Every structure is written in C-alpha cells, then in structure tokens.
Amino acid sequence: IPIDRIGGTSIGGLVGGLYARSHDLKEVASLLRARFAERSKKLHDYTLPVVSVIGARRYTRGIRKMFGDSLIENFPTDFFCVSCNLTQGHAVAHDTGLAWDWIVTSMSLPGFAPPRVFQGELLADGGVLENLPTRQALRRARGPLLAVDLSPVSDLRCNPALSGRFHGLRALRKGLPGVPQILRRTSVIQGDTLRPAALARADLVIQPEVGHFAMFDWERMDEIVAAGREAAKRALDLGWPLSPPGEVSS
C-alpha cells in the first residue's frame with residue numbers, strides 16, 4: 001500500500017515521524033529499541049511535582065538524538081503530529097519546524113510530563129482532544145484513510161466491595177489504579193469521547209489488542225509489534241479501498 005501522508009498523536013507521532021523520515025522499518029524498530037525498550041527503567045526522571053510528575057529530560061534527550069535537527073517539512077513523506085493547546089482549548093497540527101520538538105510536545109501527557117510553552121501558551125499531548133487525528137488527516141487526504149487505533153478501552157473500575165479513600169501502599173495492595181493510569185484517563189477522556197467519530201472517518205481501521213499492555217511497557221516492544229502485525233493482517237483481509245498509486249493517506 002503506497003503511503004503519501006502520515007500523521008499521529010503522542011506515540012503515534014513518534015513512530016509515524018520516524019517512518020515518514022526514513023521509510024525504513026528496521027531502522028525505526030532499532031531506534032525505538034535502543035532509546036526506549038532497552039532503557040525503559042531509566043526513562044522517568046521523577047521531579048518535584050510542581051508542574052508534572054517527571055521532568056521528561058531523559059526521553060526528550062532520546063527523541064532529540066533520534067531526529068537531530070531534522071525539519072518536518074523536509075521529510076520525504078508529508079507528516080504532521082498533533083498537540084493540544086491547553087490555553088485555547090483546541091488541537092494543533094504541526095507540519096513544519098523541528099521534528100523532535102513537536103513530537104515531544106505531542107507526547108507530553110498533562111500532569112505527567114511538562115507542557116511546552118509556545119508564544120505565551122501551553123501545548124501538551126494531543127490525545128487530550130484528538131487521540132486518533134483522523135479529522136486532521138482528512139483535511140490533507142487525497143485518497144483512502146487508514147487509521148491505527150491504539151486506544152484501549154479505559155477500565156478504572158475497582159472492587160465493588162471497596163468504599164472510601166485509599167492512599168499509598170494500601171491502595172496498591174487493594175489493586176487500585178495508580179498515578180499513570182489516573183492521569184492518562186483524566187487527560188484523554190475528551191479524546192476518548194470523540195473516538196467513535198474519529199473511527200468513522202477512516203476507510204480502514206487497524207486496532208491492535210493492546211489493552212493488556214501498560215502505558216510504559218517499552219520492554220514488551222516486540223510483543224506490541226507482533227500485536228500490531230496481527231491486527232493489520234486481520235484488517236487488510238477485509239479488503240483495502242482501491243485508489244490510484246500514491247494516493248493513500250495514513
């Protein structure tokens with residue numbers, strides 16, 4: 001399937017950006033494995049939680065090394081990533097500028113990682129409003145739209161026998177969701193609400209079964225890749241909409 005445009009939010013922006021720059025899947029996998037999977041336990045530089053739980057310096061440094069000074073507008077394949085303007089309350093598609101900078105911004109989950117200050121406004125993870133940016137993609141599409149949906153159904157249900165407030169180790173022993181799960185849910189709840197409409201815009205949707213993976217399961221990268229490959233096979237078995245060569249957007 002020829003791909004003429006790629007767009008993504010959060011981790012979709014990172015993986016999509018790497019592929020849009022090189023079109024080399026082996027290189028993409030190698031970079032992600034070296035920078036994240038093999039260093040997963042050292043990625044989170046926890047800080048005094050004034051603005052965020054982590055300082056994000058380590059993973060920012062890793063993404064910057066991946067892209068160097070590459071500009072999005074110079075990628076061989078058109079690319080955009082999406083952030084959320086927390087000040088104005090709308091999504092922003094970035095298709096020019098330093099790739100590493102806007103991709104890190106697209107991955108900055110509010111409360112967990114610090115937002116990007118830009119022109120007096122705060123930008124953060126695009127998943128707050130558009131976890132699956134098919135609306136942005138359709139504005140640029142010239143052919144069928146293929147969407148990869150990595151949004152597992154959020155399940156913050158607890159043991160119905162429990163009641164009250166639980167803190168610290170007691171909460172862990174009770175199996176309650178932790179800070180990452182709660183922050184993620186509160187940060188993307190609006191995007192999740194709009195997800196059905198986002199899915200309806202796509203001509204074909206690939207939905208890997210990722211619900212059993214945690215948000216930062218980088219060390220399980222090979223399993224996640226395998227899940228994506230199986231989901232792609234299932235979706236493509238349904239048939240790909242016909243279009244002229246070079247007229248497919250993803």
# chains A, B, ... in the order shown; residues from 1 in each chain; ligands from 1
>>> closest_atom_pairs(of="range 27-106 of chain A", to="range 170-194 of chain A", cutoff="12 Å", atoms="only C-alpha atoms", output="JSON lines")
{"residue": "A:His44", "atom": "CA", "partner": "A:Pro180", "partner_atom": "CA", "distance": 11.7}
{"residue": "A:Ser52", "atom": "CA", "partner": "A:Leu183", "partner_atom": "CA", "distance": 10.5}
{"residue": "A:Val53", "atom": "CA", "partner": "A:Val179", "partner_atom": "CA", "distance": 9.2}
{"residue": "A:Ile54", "atom": "CA", "partner": "A:Pro180", "partner_atom": "CA", "distance": 11.1}
{"residue": "A:Ser83", "atom": "CA", "partner": "A:Gly191", "partner_atom": "CA", "distance": 11.8}
{"residue": "A:Cys84", "atom": "CA", "partner": "A:Gly191", "partner_atom": "CA", "distance": 10.4}
{"residue": "A:Leu86", "atom": "CA", "partner": "A:Ser187", "partner_atom": "CA", "distance": 10.9}
{"residue": "A:Gly89", "atom": "CA", "partner": "A:Gln190", "partner_atom": "CA", "distance": 11.3}
{"residue": "A:His90", "atom": "CA", "partner": "A:Gly191", "partner_atom": "CA", "distance": 11.2}
{"residue": "A:Ala91", "atom": "CA", "partner": "A:Gly191", "partner_atom": "CA", "distance": 10.4}
>>> residues_around(residues="Ile72 in chain A", least_positions_apart="2", cutoff="8 Å", atoms="only C-alpha atoms", output="PyMOL selection string")
chain A and resi 70+74-75+78-80+95-99
>>> write_last_selection(atoms="C-alpha atoms", output="compact mmCIF listing (two decimals), in the first residue's frame")
# COMPACT_ATOMS: atom_id res chain seq x y z
CA SER A 70 15.52 17.37 11.02
CA ASN A 74 11.96 18.26 4.79
CA PHE A 75 10.73 14.72 5.40
CA ASP A 78 4.35 14.58 4.36
CA PHE A 79 3.94 14.35 8.13
CA PHE A 80 2.14 16.04 10.97
CA ASP A 95 3.70 20.08 9.93
CA THR A 96 6.72 22.41 10.00
CA GLY A 97 9.58 23.01 12.42
CA LEU A 98 11.95 20.83 14.42
CA ALA A 99 10.58 17.30 14.41
>>> select_by_dssp(residues="range 24-178 of chain A", states="strand (DSSP E)", output="PyMOL selection string")
chain A and resi 78-85+90-94+116-118+121-125+146-148
>>> residues_around(residues="Gly12 in chain A", least_positions_apart="5", cutoff="10 Å", atoms="only C-alpha atoms", output="list in words")
Ile6, Gly7, Gly17, Leu18, Cys81, Val82, Ile103, Ser106, Met107, Asn131, Leu132, Pro133, Val148, Asp149 and Leu150 of chain A
>>> write_last_selection(atoms="C-alpha atoms", output="compact mmCIF listing (two decimals), in the first residue's frame")
# COMPACT_ATOMS: atom_id res chain seq x y z
CA ILE A 6 1.41 10.20 7.80
CA GLY A 7 0.03 11.81 10.93
CA GLY A 17 7.56 10.60 12.35
CA LEU A 18 10.40 8.10 12.33
CA CYS A 81 1.77 15.41 14.68
CA VAL A 82 -0.93 16.78 16.97
CA ILE A 103 6.85 15.20 18.67
CA SER A 106 2.62 15.70 21.22
CA MET A 107 3.70 13.13 23.84
CA ASN A 131 -6.21 10.71 20.29
CA LEU A 132 -6.88 9.47 16.75
CA PRO A 133 -6.37 12.52 14.48
CA VAL A 148 -4.30 2.76 13.55
CA ASP A 149 -6.22 2.92 16.81
CA LEU A 150 -4.08 2.27 19.89
>>> atom_distance(atom1="CA of His94 in chain A", atom2="CA of Gly127 in chain A")
14.1 Å
>>> atom_distance(atom1="CA of Leu204 in chain A", atom2="CA of Ala147 in chain A")
6.3 Å
>>> closest_residue(among="A:Ile206, A:Leu129, A:Ala227, A:Ala141", to="Ile3 in chain A", atoms="only C-alpha atoms")
A:Ala141
>>> closest_residue(among="A:Leu109, A:Val92, A:Met221, A:Val128", to="Phe36 in chain A", atoms="only C-alpha atoms")
A:Met221
>>> residues_around(residues="range 22-32 of chain A", least_positions_apart="2", cutoff="10 Å", atoms="only C-alpha atoms", output="list in words")
Ile3, Leu14, Val15, Gly16, Gly17, Leu18, Tyr19, Ala20, Ala34, Arg35, Phe36, Ala37, Glu38, Arg39, Gly62, Ile63, Lys65, Met66, Phe75, Pro76, Thr77, Trp218, Met221, Asp222 and Val225 of chain A
>>> write_last_selection(atoms="C-alpha atoms", output="PDB file, in the first residue's frame")
ATOM      1  CA  ILE A   3       1.508   5.884   1.765  1.00  0.00           C
ATOM      2  CA  LEU A  14       6.860   9.412  17.347  1.00  0.00           C
ATOM      3  CA  VAL A  15       6.572   6.179  15.352  1.00  0.00           C
ATOM      4  CA  GLY A  16       4.909   7.906  12.401  1.00  0.00           C
ATOM      5  CA  GLY A  17       7.558  10.598  12.353  1.00  0.00           C
ATOM      6  CA  LEU A  18      10.402   8.098  12.329  1.00  0.00           C
ATOM      7  CA  TYR A  19       8.834   6.243   9.410  1.00  0.00           C
ATOM      8  CA  ALA A  20       7.967   9.419   7.478  1.00  0.00           C
ATOM      9  CA  ALA A  34      17.878   1.282  21.664  1.00  0.00           C
ATOM     10  CA  ARG A  35      16.409   4.508  23.036  1.00  0.00           C
ATOM     11  CA  PHE A  36      13.392   3.198  24.903  1.00  0.00           C
ATOM     12  CA  ALA A  37      12.958  -0.576  25.204  1.00  0.00           C
ATOM     13  CA  GLU A  38      16.499  -1.186  26.464  1.00  0.00           C
ATOM     14  CA  ARG A  39      16.423   1.823  28.782  1.00  0.00           C
ATOM     15  CA  GLY A  62      16.429  10.361  23.397  1.00  0.00           C
ATOM     16  CA  ILE A  63      13.915  11.715  20.872  1.00  0.00           C
ATOM     17  CA  LYS A  65      19.024  12.244  19.297  1.00  0.00           C
ATOM     18  CA  MET A  66      16.723  10.236  17.028  1.00  0.00           C
ATOM     19  CA  PHE A  75      10.725  14.724   5.402  1.00  0.00           C
ATOM     20  CA  PRO A  76      10.363  12.702   2.167  1.00  0.00           C
ATOM     21  CA  THR A  77       6.777  11.893   3.205  1.00  0.00           C
ATOM     22  CA  TRP A 218       8.656  -0.401  26.440  1.00  0.00           C
ATOM     23  CA  MET A 221       8.038  -3.772  22.462  1.00  0.00           C
ATOM     24  CA  ASP A 222       8.368  -6.993  20.462  1.00  0.00           C
ATOM     25  CA  VAL A 225       4.845  -5.048  17.363  1.00  0.00           C
TER      26      VAL A 225
END
>>> closest_residue(among="A:Asp125, A:Ile1, A:Arg140, A:Leu238", to="Phe112 in chain A", atoms="only C-alpha atoms")
A:Asp125
